[in-house]
$ cat entry_34.cif   # mmCIF, C-alpha atoms and all ligand atoms
data_protein
#
loop_
_atom_site.label_atom_id
_atom_site.label_comp_id
_atom_site.auth_asym_id
_atom_site.auth_seq_id
_atom_site.Cartn_x
_atom_site.Cartn_y
_atom_site.Cartn_z
CA MET J 5 93.41 132.33 157.71
CA ALA J 6 91.57 133.02 160.96
CA ARG J 7 88.50 135.19 160.41
CA ASN J 8 89.83 138.19 162.34
CA GLU J 9 93.44 137.99 161.18
CA ARG J 10 94.76 140.84 159.02
CA CYS J 11 94.26 139.81 155.42
CA TRP J 12 97.20 138.34 153.45
CA CYS J 13 96.74 140.97 150.71
CA GLY J 14 98.15 143.77 152.87
CA SER J 15 95.01 145.92 152.82
CA GLY J 16 95.09 146.11 156.63
CA LYS J 17 91.51 144.81 156.84
CA LYS J 18 90.35 141.65 158.61
CA TRP J 19 90.37 138.57 156.36
CA LYS J 20 86.65 137.90 156.86
CA VAL J 21 85.69 141.27 155.33
CA CYS J 22 88.47 141.32 152.74
CA HIS J 23 89.50 138.20 150.80
CA ARG J 24 87.52 135.36 152.44
CA ASP J 25 84.66 135.47 149.93
CA ARG J 26 86.46 137.34 147.17
CA HIS J 27 85.99 134.54 144.60
CA LYS J 28 82.22 134.61 145.15
CA GLN J 29 81.84 138.37 144.71
CA PRO J 30 80.56 139.80 141.43
CA GLU J 31 83.31 141.01 139.07
CA PRO J 32 83.30 144.82 138.99
CA PRO J 33 82.65 146.30 135.53
CA ILE J 34 86.00 147.37 134.11
CA GLY J 35 84.46 150.62 132.79
CA LYS J 36 83.45 151.57 136.34
CA ILE J 37 86.97 150.98 137.71
CA THR J 38 88.69 152.90 134.92
CA HIS J 39 86.24 155.76 135.41
CA GLU J 40 86.87 155.84 139.18
CA MET J 41 90.61 155.85 138.52
CA PHE J 42 90.27 158.62 135.97
CA VAL J 43 88.34 160.72 138.49
CA GLY J 44 90.94 159.90 141.18
CA GLN J 45 93.72 161.06 138.88
CA GLN J 46 92.08 164.52 138.66
CA ARG J 47 92.14 165.18 142.42
CA GLY J 48 93.88 168.40 143.32
CA LEU J 49 95.20 170.71 146.01
CA CYS J 50 97.33 173.85 146.16
CA LEU J 51 100.97 172.75 146.44
CA HIS J 52 102.35 176.23 147.02
CA PRO J 53 104.41 176.28 150.25
CA GLU J 54 102.19 179.11 151.47
CA ALA J 55 98.99 177.20 150.73
CA GLY J 56 96.41 177.90 153.38
CA ALA J 57 97.68 181.45 153.94
CA THR J 58 95.28 184.31 153.32
CA THR J 59 96.66 184.78 149.81
CA CYS J 60 95.71 181.20 148.88
CA THR J 61 92.19 180.44 147.71
CA ASN J 62 92.98 176.73 148.26
CA ARG J 63 90.70 175.85 145.38
CA PRO J 64 92.93 174.12 142.83
CA ILE J 65 92.37 175.00 139.20
CA LYS J 66 93.04 172.92 136.11
CA ALA J 67 96.25 174.42 134.74
CA HIS J 68 98.57 173.45 131.90
CA THR J 69 102.08 172.24 132.71
CA ILE J 70 103.13 173.04 129.15
CA GLN J 71 102.33 176.52 127.83
CA ARG J 72 99.11 176.24 125.88
CA ARG J 73 99.79 179.29 123.73
CA GLY J 74 102.95 178.79 121.76
CA GLY J 75 103.79 175.36 123.18
CA LEU J 76 100.87 172.95 122.82
CA GLU J 77 99.23 175.01 120.12
CA ALA J 78 102.39 174.81 118.02
CA ILE J 79 101.98 171.03 117.63
CA ALA J 80 98.16 170.78 117.74
CA GLU J 81 95.95 170.02 114.77
CA GLY J 82 92.21 170.55 114.89
CA GLY J 83 92.57 171.37 118.61
CA HIS J 84 94.14 167.96 119.39
CA VAL J 85 97.51 166.41 120.15
CA ILE J 86 98.54 162.75 120.56
CA SER J 87 99.21 161.36 124.05
CA GLY J 88 100.80 158.08 125.10
CA LYS J 89 99.20 158.37 128.53
CA ARG J 90 95.82 158.42 126.83
CA GLY J 91 96.78 155.02 125.41
CA TYR J 92 97.19 153.67 128.95
CA GLU J 93 93.81 154.98 130.01
CA LYS J 94 92.26 152.99 127.16
CA ILE J 95 94.38 149.87 127.64
CA PHE J 96 91.35 147.71 128.53
CA LYS J 97 89.40 148.88 125.50
CA ASN J 98 92.38 147.98 123.31
CA GLU J 99 92.77 144.52 124.88
CA GLY J 100 96.04 145.22 126.66
CA ARG J 101 97.72 147.18 123.89
CA VAL J 102 98.88 150.77 124.39
CA VAL J 103 97.64 152.82 121.45
CA PRO J 104 98.54 156.52 121.79
CA ASP J 105 95.41 158.55 121.20
CA ARG J 106 94.14 162.08 120.64
CA ILE J 107 93.49 164.45 123.53
CA GLY J 108 91.95 167.93 123.35
CA LEU J 109 94.11 170.96 124.12
CA ALA J 110 91.92 171.91 127.08
CA ASN J 111 92.97 168.68 128.84
CA ALA J 112 96.46 168.05 127.51
CA SER J 113 99.16 168.41 130.19
CA THR J 114 96.78 169.82 132.80
CA PHE J 115 96.88 169.14 136.52
CA MET J 116 95.21 170.57 139.63
CA GLY J 117 98.35 171.45 141.55
CA PHE J 118 97.81 175.11 142.46
CA CYS J 119 95.01 177.52 143.29
CA GLY J 120 94.30 180.15 140.63
CA LEU J 121 96.07 182.86 142.55
CA HIS J 122 99.26 180.94 143.15
CA ASP J 123 99.31 179.43 139.66
CA ASN J 124 99.11 182.88 138.09
CA SER J 125 101.59 184.60 140.34
CA LEU J 126 104.13 181.77 140.19
CA PHE J 127 104.21 180.87 136.52
CA GLU J 128 103.36 184.17 134.85
CA PRO J 129 107.03 184.75 133.85
CA ILE J 130 107.17 181.49 131.85
CA GLU J 131 103.75 181.93 130.26
CA GLN J 132 104.95 184.90 128.21
CA HIS J 133 105.42 184.75 124.45
CA HIS J 134 109.10 185.20 124.97
CA PHE J 135 111.26 184.69 128.05
CA GLU J 136 114.96 184.20 128.69
CA LEU J 137 116.10 180.67 129.58
CA ASP J 138 117.86 181.96 132.69
CA ASP J 139 118.16 180.73 136.32
CA SER J 140 114.69 181.83 137.34
CA ALA J 141 112.95 180.42 134.23
CA ALA J 142 114.80 177.13 134.73
CA PHE J 143 113.71 177.10 138.37
CA LEU J 144 110.04 177.70 137.51
CA LEU J 145 110.03 175.08 134.74
CA GLY J 146 111.64 172.61 137.14
CA TYR J 147 109.30 173.51 139.99
CA ARG J 148 106.20 172.94 137.88
CA ALA J 149 107.57 169.58 136.69
CA ILE J 150 108.27 168.46 140.27
CA ALA J 151 104.81 169.62 141.39
CA TYR J 152 103.20 167.72 138.51
CA GLU J 153 105.07 164.50 139.33
CA TYR J 154 104.28 164.90 143.03
CA LEU J 155 100.54 165.23 142.52
CA THR J 156 100.39 162.54 139.84
CA LYS J 157 102.18 160.06 142.10
CA LYS J 158 100.08 161.00 145.12
CA ASN J 159 96.88 160.36 143.16
CA ALA J 160 98.26 157.11 141.73
CA LEU J 161 98.97 155.90 145.26
CA GLU J 162 95.40 156.63 146.35
CA ASN J 163 94.13 154.89 143.21
CA VAL J 164 95.77 151.62 144.29
CA GLU J 165 92.89 151.20 146.75
CA ILE J 166 90.44 151.25 143.82
CA GLN J 167 92.52 148.71 141.88
CA ARG J 168 92.47 146.28 144.82
CA SER J 169 88.93 145.29 143.89
CA LEU J 170 90.01 144.10 140.42
CA ASP J 171 90.32 140.52 141.71
CA LYS J 172 86.68 140.16 142.79
CA GLY J 173 85.13 136.98 141.40
CA LYS J 174 88.51 135.57 140.37
CA ASP J 175 90.09 132.30 141.55
CA PHE J 176 92.63 132.36 144.39
CA GLN J 177 95.69 132.16 142.14
CA THR J 178 94.57 135.17 140.12
CA GLN J 179 93.84 137.07 143.35
CA VAL J 180 97.40 136.43 144.54
CA TYR J 181 98.82 137.47 141.16
CA ILE J 182 96.86 140.76 141.14
CA GLN J 183 97.52 141.64 144.79
CA GLU J 184 101.21 140.82 144.47
CA HIS J 185 101.51 143.05 141.43
CA LEU J 186 99.70 145.87 143.26
CA HIS J 187 101.92 145.41 146.29
CA LEU J 188 105.09 145.88 144.22
CA TYR J 189 103.55 148.80 142.36
CA ARG J 190 102.51 150.45 145.64
CA THR J 191 105.95 149.92 147.19
CA GLY J 192 107.51 151.68 144.21
CA LEU J 193 105.07 154.57 144.48
CA ILE J 194 105.71 155.02 148.21
CA ARG J 195 109.45 155.07 147.54
CA GLY J 196 108.95 157.59 144.73
CA MET J 197 106.73 159.74 146.94
CA GLN J 198 109.41 159.90 149.66
CA ASP J 199 111.94 161.17 147.14
CA LEU J 200 109.47 163.68 145.73
CA GLU J 201 108.59 164.97 149.21
CA TYR J 202 112.28 165.63 149.74
CA TRP J 203 112.85 167.32 146.39
CA LYS J 204 109.67 169.34 146.53
CA ALA J 205 110.81 170.68 149.93
CA GLU J 206 114.19 171.58 148.39
CA TYR J 207 112.46 173.52 145.60
CA ASP J 208 110.01 175.12 148.09
CA ARG J 209 112.91 176.41 150.14
CA ARG J 210 114.37 178.15 147.09
CA LEU J 211 110.98 179.49 146.08
CA ILE J 212 110.60 181.18 149.45
CA SER J 213 114.15 182.55 149.60
CA GLY J 214 114.14 183.58 145.92
CA ASP J 215 117.70 182.30 145.60
CA TYR J 216 117.82 180.03 142.54
CA SER J 217 121.56 180.18 142.06
CA ASP J 218 122.22 176.52 142.83
CA ILE J 219 119.61 175.23 140.39
CA GLN J 220 121.71 173.89 137.55
CA HIS J 221 120.38 174.13 134.06
CA TYR J 222 121.29 173.33 130.50
CA ALA J 223 119.07 174.75 127.78
CA LEU J 224 119.08 174.51 124.02
CA LYS J 225 117.03 175.80 121.13
CA PHE J 226 116.42 174.05 117.83
CA ASP J 227 116.05 175.58 114.41
CA GLY J 228 112.28 175.17 114.04
CA ALA J 229 109.45 173.52 115.95
CA LEU J 230 109.89 169.81 116.75
CA PRO J 231 106.71 167.66 116.64
CA PHE J 232 106.61 167.00 120.40
CA VAL J 233 106.45 168.82 123.76
CA CYS J 234 106.78 167.50 127.32
CA CYS J 235 107.12 168.44 130.98
CA GLY J 236 108.23 166.11 133.75
CA GLY J 237 110.79 165.02 136.30
CA PHE J 238 112.41 161.63 136.86
CA GLN J 239 115.43 159.95 138.39
CA PRO J 240 117.87 159.13 135.63
CA GLU J 241 119.15 155.56 135.74
CA VAL J 242 121.27 155.31 132.63
CA SER J 243 123.22 157.86 130.62
CA PHE J 244 122.97 158.53 126.89
CA ASP J 245 126.27 156.75 126.38
CA GLY J 246 125.13 153.57 128.08
CA ARG J 247 126.38 153.84 131.68
CA GLN J 248 124.38 152.91 134.80
CA LEU J 249 124.05 156.07 136.95
CA GLN J 250 121.94 155.11 139.96
CA ILE J 251 119.87 152.03 140.74
CA LEU J 252 116.40 153.04 141.86
CA THR J 253 115.31 149.96 143.76
CA ARG J 254 118.48 149.42 145.79
CA SER J 255 119.59 152.83 146.90
CA THR J 256 118.71 154.12 150.33
CA GLU J 257 120.01 157.62 149.69
CA GLU J 258 117.95 160.39 148.15
CA LEU J 259 118.08 159.95 144.43
CA GLU J 260 118.72 162.94 142.22
CA PRO J 261 115.92 163.92 139.87
CA VAL J 262 116.20 165.81 136.59
CA CYS J 263 113.39 168.01 135.29
CA VAL J 264 112.88 168.28 131.55
CA ASN J 265 110.71 170.74 129.64
CA VAL J 266 110.32 170.79 125.89
CA SER J 267 108.12 173.52 124.48
CA VAL J 268 108.02 176.07 121.69
CA MET J 269 108.80 179.78 121.67
CA ASN J 270 108.54 181.85 118.48
CA GLN J 271 108.30 178.71 116.31
CA GLN J 272 111.49 177.31 117.84
CA THR J 273 111.57 174.33 120.16
CA PHE J 274 113.50 174.76 123.40
CA LEU J 275 114.64 171.97 125.70
CA VAL J 276 115.56 172.78 129.30
CA PHE J 277 117.13 170.39 131.80
CA ALA J 278 117.03 171.59 135.42
CA TRP J 279 118.51 169.79 138.40
CA LEU J 280 119.77 170.27 141.91
CA GLY J 281 123.04 168.85 143.04
CA GLY J 282 126.16 169.46 141.01
CA GLY J 283 129.58 167.98 141.62
CA GLY J 284 129.36 165.22 139.03
CA GLY J 285 126.39 163.47 140.70
CA PRO J 286 124.03 161.25 138.70
CA ALA J 287 121.79 164.14 137.59
CA GLU J 288 124.66 166.21 136.29
CA ASP J 289 126.28 163.17 134.71
CA PHE J 290 123.05 162.35 132.90
CA VAL J 291 122.60 165.86 131.48
CA HIS J 292 126.28 166.07 130.58
CA SER J 293 125.98 162.88 128.53
CA PHE J 294 123.22 164.59 126.52
CA TYR J 295 125.32 167.70 126.10
CA SER J 296 128.17 165.53 124.77
CA LEU J 297 126.06 164.08 121.95
CA HIS J 298 126.67 165.28 118.43
CA ASP J 299 124.44 168.34 117.83
CA ASP J 300 122.67 166.59 114.93
CA ALA J 301 121.58 163.78 117.25
CA LYS J 302 120.06 165.99 119.96
CA ALA J 303 116.54 166.41 118.53
CA ASN J 304 116.15 162.66 118.03
CA MET J 305 117.58 161.87 121.47
CA GLY J 306 115.32 164.54 123.00
CA LEU J 307 112.36 162.67 121.54
CA HIS J 308 113.62 159.36 122.96
CA LEU J 309 114.27 160.96 126.33
CA ALA J 310 110.68 162.28 126.49
CA VAL J 311 109.21 158.95 125.48
CA GLU J 312 111.44 156.92 127.80
CA HIS J 313 110.93 158.99 130.95
CA ILE J 314 108.03 161.43 130.71
CA GLU J 315 104.40 160.41 130.65
CA ASN J 316 103.37 164.05 130.17
CA THR J 317 104.49 164.07 126.50
CA TYR J 318 102.46 165.06 123.42
CA PHE J 319 102.95 164.66 119.68
CA ARG J 320 101.69 166.41 116.57
CA PRO J 321 98.95 164.12 115.15
CA SER J 322 100.00 164.16 111.47
CA TRP J 323 103.62 163.55 112.46
CA TRP J 324 102.67 160.56 114.62
CA GLU J 325 100.73 159.10 111.68
CA SER J 326 103.56 159.81 109.26
CA ILE J 327 106.33 157.91 111.08
CA GLY J 328 104.81 154.51 110.28
CA ALA J 329 104.00 151.39 112.28
CA SER J 330 107.57 150.31 112.97
CA HIS J 331 108.70 153.58 114.58
CA GLN J 332 105.38 153.82 116.44
CA ARG J 333 105.90 150.33 117.88
CA HIS J 334 109.45 151.25 118.89
CA LEU J 335 108.30 154.41 120.71
CA VAL J 336 105.40 152.66 122.46
CA GLU J 337 107.80 149.95 123.59
CA ARG J 338 110.04 152.68 125.08
CA MET J 339 107.05 154.24 126.89
CA ARG J 340 106.69 150.97 128.80
CA SER J 341 110.33 150.94 129.84
CA GLY J 342 111.00 150.50 133.55
CA ILE J 343 107.37 150.04 134.58
CA SER J 344 107.30 146.28 135.12
CA PRO J 345 109.72 143.35 135.40
CA GLU J 346 108.93 142.45 131.75
CA HIS J 347 110.04 145.90 130.68
CA GLU J 348 113.23 146.50 132.64
CA ARG J 349 115.30 149.50 131.68
CA THR J 350 118.77 148.37 130.70
CA SER J 351 121.88 150.52 130.46
CA GLU J 352 121.44 150.33 126.68
CA ALA J 353 118.14 152.28 126.79
CA PHE J 354 119.55 155.11 124.68
CA ILE J 355 121.95 153.10 122.56
CA GLY J 356 121.00 152.29 118.98
CA VAL J 357 117.63 154.04 119.14
CA ASP J 358 115.57 154.50 115.95
CA SER J 359 116.49 157.58 113.99
CA ILE J 360 113.15 159.38 113.68
CA LEU J 361 113.99 163.08 113.97
CA SER J 362 117.27 163.48 112.18
CA GLY J 363 119.28 166.52 111.29
CA VAL J 364 117.47 169.31 113.15
CA PRO J 365 120.20 171.88 113.92
CA VAL J 366 120.76 173.29 117.40
CA ILE J 367 120.94 177.07 117.17
CA THR J 368 121.74 178.20 120.72
CA GLU J 369 122.80 176.57 123.96
CA VAL J 370 123.02 177.79 127.56
CA VAL J 371 125.76 175.61 129.03
CA PRO J 372 126.64 175.48 132.74
CA GLY J 373 130.23 176.41 133.48
CA ASP J 374 130.94 173.05 135.15
CA PHE J 375 130.39 171.20 131.89
CA LYS J 376 133.49 172.66 130.36
CA GLN J 377 135.75 170.89 132.86
CA HIS J 378 133.66 167.79 133.49
CA VAL J 379 134.77 164.58 131.75
CA ALA J 380 131.98 162.05 131.26
CA GLY J 381 132.73 158.61 132.63
CA ASP J 382 136.00 159.78 134.14
CA VAL J 383 137.21 157.26 136.73
ZN ZN W 401 92.52 141.14 151.39
ZN ZN W 402 97.22 178.56 146.68
#
$ encode --input "entry_34.cif" --output "structure tokens" --more "lines below"
Ligand SMILES: [Zn+2]
Ligand SMILES: [Zn+2]
Amino acid sequence: MARNERCWCGSGKKWKVCHRDRHKQPEPPIGKITHEMFVGQQRGLCLHPEAGATTCTNRPIKAHTIQRRGGLEAIAEGGHVISGKRGYEKIFKNEGRVVPDRIGLANASTFMGFCGLHDNSLFEPIEQHHFELDDSAAFLLGYRAIAYEYLTKKNALENVEIQRSLDKGKDFQTQVYIQEHLHLYRTGLIRGMQDLEYWKAEYDRRLISGDYSDIQHYALKFDGALPFVCCGGFQPEVSFDGRQLQILTRSTEELEPVCVNVSVMNQQTFLVFAWLGGGGGPAEDFVHSFYSLHDDAKANMGLHLAVEHIENTYFRPSWWESIGASHQRHLVERMRSGISPEHERTSEAFIGVDSILSGVPVITEVVPGDFKQHVAGDV
């Protein structure tokens, strides 16, 4: 390349200051990079639509996305829970393997997405010991999940700039391999961010108007506390009965996300799906395919759903130990689903899954009216 040409790696810098001497540069210590990324992942801001107004302190606080009291505490042992995400943070230490690891309650599920004032005033209703799984609770659970995904993705995108230096001191072929991988990863993040911007704005609009009536939700309660909790939002690709719903990389339309919260209230696990957009769209179709499962299969499929789609998932430590190496391997394999070409998510993602949590009865369900007429897979 010519010295002043924009570098081939896509950084936007001139070649002479970017990749010309990359192979001669000292390799950065991996511990330093992972630390910088960890710090980057903790960046925060107030995501409330009225952020910056006089009522906003604009100083983000570290807040839990899953109720600490009742929820996380119900599955914790010795003040700790098990996190798959923790396994990713230690992937270099474990020589490329993802080994889910313990995380303290003070840090589990936290993010810096709201100032103290807005966090308290917004989520107070769903931080109670007991609350009804109604429209407004479903909205708040969904809103927090969307906000979490938004901030996590925003930070991940900024962290790509840190990862660009991973190829220092490597030969040219390795540089190309690393930069190409980062380019694809970054493209996916930008795409995901555009969708999240759109959906966050949709939720913001409803937050301001106070009209939550078109937030769809399906909620269920199990007889007893399941050994996992989670909070997150994602775009469903395949249904629980093995149908392709929307293809993330090809579509140019806004994709429909589904928010999922699993937590515990009065020693009983609840699972809430919240989504916007009814009319048999992909989100509704996805949730309906869960609703159509046999009741006895719902706890186990809830576990597989959390592992497949939600990074912000935690397990009870003694339970995780008790399931044995084969089930652990199966779940870790599912955590990697859809993140790289080697781990593509097929339409069979939820077919023939390991039976790990069998026979936990469902005791109550809040079912949207549309589900009674809807026929899954009807063509
Ligand atoms: Zn470059
Ligand atoms: Zn604020």
$ residues_near_ligand --input "entry_34.cif" --ligand "ligand ZN 402 (chain W)" --cutoff "6 Å" --atoms "only C-alpha atoms and all ligand atoms" --output "CSV table (one decimal) with C-alpha atoms, keeping the file's coordinate frame"
chain,number,residue,atom,x,y,z
J,50,CYS,CA,97.3,173.8,146.2
J,52,HIS,CA,102.4,176.2,147.0
J,55,ALA,CA,99.0,177.2,150.7
J,60,CYS,CA,95.7,181.2,148.9
J,61,THR,CA,92.2,180.4,147.7
J,62,ASN,CA,93.0,176.7,148.3
J,118,PHE,CA,97.8,175.1,142.5
J,119,CYS,CA,95.0,177.5,143.3
J,122,HIS,CA,99.3,180.9,143.2
$ residues_near_ligand --input "entry_34.cif" --ligand "ligand ZN 401 (chain W)" --cutoff "8 Å" --atoms "only C-alpha atoms and all ligand atoms" --output "list in words"
Arg10, Cys11, Trp12, Cys13, Gly14, Ser15, Gly16, Lys17, Lys18, Trp19, Val21, Cys22, His23 and Arg24 of chain J
$ atom_distance --input "entry_34.cif" --atom1 "atom CA of Lys89 of chain J" --atom2 "atom CA of Glu315 of chain J"
6.0 Å
$ closest_residue --input "entry_34.cif" --among "J:Val336, J:Met5, J:Ala78, J:Ile166" --to "Arg101 of chain J" --atoms "all atoms listed in the file"
J:Val336
$ atom_distance --input "entry_34.cif" --atom1 "atom CA of Leu224 of chain J" --atom2 "atom CA of His292 of chain J"
12.9 Å
$ closest_residue --input "entry_34.cif" --among "J:Thr59, J:Thr114, J:Thr350, J:Thr38" --to "Ala149 of chain J" --atoms "all atoms listed in the file"
J:Thr114
$ residues_around --input "entry_34.cif" --residues "Val370 of chain J" --least-positions-apart "3" --cutoff "10 Å" --atoms "all atoms listed in the file" --output "ChimeraX atom specification"
/J:137-138,221-225,276,373
$ atom_distance --input "entry_34.cif" --atom1 "atom CA of Val164 of chain J" --atom2 "atom CA of Ile150 of chain J"
21.4 Å
$ residues_around --input "entry_34.cif" --residues "Arg190 of chain J" --least-positions-apart "3" --cutoff "12 Å" --atoms "only C-alpha atoms" --output "PyMOL selection string"
chain J and resi 14-15+157-165+167-168+183-187+193-197
$ closest_residue --input "entry_34.cif" --among "J:Leu155, J:Ile182, J:Ile86, J:Leu200" --to "Gln45 of chain J" --atoms "all atoms listed in the file"
J:Leu155
$ closest_residue --input "entry_34.cif" --among "J:Lys172, J:Lys94, J:Arg247, J:His331" --to "Gln29 of chain J" --atoms "all atoms listed in the file"
J:Lys172
$ closest_residue --input "entry_34.cif" --among "J:Thr156, J:Ala110, J:Tyr295, J:Gln132" --to "Gly48 of chain J" --atoms "only C-alpha atoms"
J:Thr156
$ residues_around --input "entry_34.cif" --residues "segment 359-363 of chain J" --least-positions-apart "3" --cutoff "12 Å" --atoms "all atoms listed in the file" --output "JSON list (two decimals) with C-alpha atoms, keeping the file's coordinate frame"
[["chain", "number", "residue", "atom", "x", "y", "z"],
["J", 226, "PHE", "CA", 116.42, 174.05, 117.83],
["J", 227, "ASP", "CA", 116.05, 175.58, 114.41],
["J", 228, "GLY", "CA", 112.28, 175.17, 114.04],
["J", 229, "ALA", "CA", 109.45, 173.52, 115.95],
["J", 230, "LEU", "CA", 109.89, 169.81, 116.75],
["J", 231, "PRO", "CA", 106.71, 167.66, 116.64],
["J", 232, "PHE", "CA", 106.61, 167.00, 120.40],
["J", 298, "HIS", "CA", 126.67, 165.28, 118.43],
["J", 299, "ASP", "CA", 124.44, 168.34, 117.83],
["J", 300, "ASP", "CA", 122.67, 166.59, 114.93],
["J", 301, "ALA", "CA", 121.58, 163.78, 117.25],
["J", 302, "LYS", "CA", 120.06, 165.99, 119.96],
["J", 303, "ALA", "CA", 116.54, 166.41, 118.53],
["J", 304, "ASN", "CA", 116.15, 162.66, 118.03],
["J", 305, "MET", "CA", 117.58, 161.87, 121.47],
["J", 306, "GLY", "CA", 115.32, 164.54, 123.00],
["J", 307, "LEU", "CA", 112.36, 162.67, 121.54],
["J", 308, "HIS", "CA", 113.62, 159.36, 122.96],
["J", 323, "TRP", "CA", 103.62, 163.55, 112.46],
["J", 324, "TRP", "CA", 102.67, 160.56, 114.62],
["J", 326, "SER", "CA", 103.56, 159.81, 109.26],
["J", 327, "ILE", "CA", 106.33, 157.91, 111.08],
["J", 328, "GLY", "CA", 104.81, 154.51, 110.28],
["J", 330, "SER", "CA", 107.57, 150.31, 112.97],
["J", 331, "HIS", "CA", 108.70, 153.58, 114.58],
["J", 332, "GLN", "CA", 105.38, 153.82, 116.44],
["J", 334, "HIS", "CA", 109.45, 151.25, 118.89],
["J", 335, "LEU", "CA", 108.30, 154.41, 120.71],
["J", 354, "PHE", "CA", 119.55, 155.11, 124.68],
["J", 355, "ILE", "CA", 121.95, 153.10, 122.56],
["J", 356, "GLY", "CA", 121.00, 152.29, 118.98],
["J", 366, "VAL", "CA", 120.76, 173.29, 117.40]]
$ closest_residue --input "entry_34.cif" --among "J:Ile37, J:His133, J:Val43, J:Thr69" --to "Asn270 of chain J" --atoms "all atoms listed in the file"
J:His133
$ build_atoms --input "entry_34.cif" --residues "segment 142-153 of chain J" --atoms "N, CA and C atoms" --output "mmCIF file, keeping the file's coordinate frame"
data_model
loop_
_atom_site.group_PDB
_atom_site.id
_atom_site.type_symbol
_atom_site.label_atom_id
_atom_site.label_comp_id
_atom_site.auth_asym_id
_atom_site.auth_seq_id
_atom_site.Cartn_x
_atom_site.Cartn_y
_atom_site.Cartn_z
ATOM 1 N N ALA J 142 114.468 178.543 134.531
ATOM 2 C CA ALA J 142 114.800 177.130 134.730
ATOM 3 C C ALA J 142 114.215 176.629 136.047
ATOM 4 N N PHE J 143 114.287 177.476 137.082
ATOM 5 C CA PHE J 143 113.710 177.100 138.370
ATOM 6 C C PHE J 143 112.201 176.863 138.244
ATOM 7 N N LEU J 144 111.501 177.815 137.612
ATOM 8 C CA LEU J 144 110.040 177.700 137.510
ATOM 9 C C LEU J 144 109.618 176.496 136.669
ATOM 10 N N LEU J 145 110.332 176.257 135.575
ATOM 11 C CA LEU J 145 110.030 175.080 134.740
ATOM 12 C C LEU J 145 110.249 173.801 135.544
ATOM 13 N N GLY J 146 111.338 173.780 136.313
ATOM 14 C CA GLY J 146 111.640 172.610 137.140
ATOM 15 C C GLY J 146 110.622 172.449 138.266
ATOM 16 N N TYR J 147 110.249 173.545 138.870
ATOM 17 C CA TYR J 147 109.300 173.510 139.990
ATOM 18 C C TYR J 147 107.951 172.947 139.545
ATOM 19 N N ARG J 148 107.502 173.413 138.382
ATOM 20 C CA ARG J 148 106.200 172.940 137.880
ATOM 21 C C ARG J 148 106.267 171.446 137.550
ATOM 22 N N ALA J 149 107.407 170.999 137.008
ATOM 23 C CA ALA J 149 107.570 169.580 136.690
ATOM 24 C C ALA J 149 107.546 168.731 137.967
ATOM 25 N N ILE J 150 108.241 169.193 138.996
ATOM 26 C CA ILE J 150 108.270 168.460 140.270
ATOM 27 C C ILE J 150 106.864 168.417 140.884
ATOM 28 N N ALA J 151 106.160 169.552 140.834
ATOM 29 C CA ALA J 151 104.810 169.620 141.390
ATOM 30 C C ALA J 151 103.877 168.661 140.638
ATOM 31 N N TYR J 152 104.026 168.620 139.328
ATOM 32 C CA TYR J 152 103.200 167.720 138.510
ATOM 33 C C TYR J 152 103.452 166.256 138.894
ATOM 34 N N GLU J 153 104.735 165.885 138.995
ATOM 35 C CA GLU J 153 105.070 164.500 139.330
ATOM 36 C C GLU J 153 104.574 164.149 140.737
#
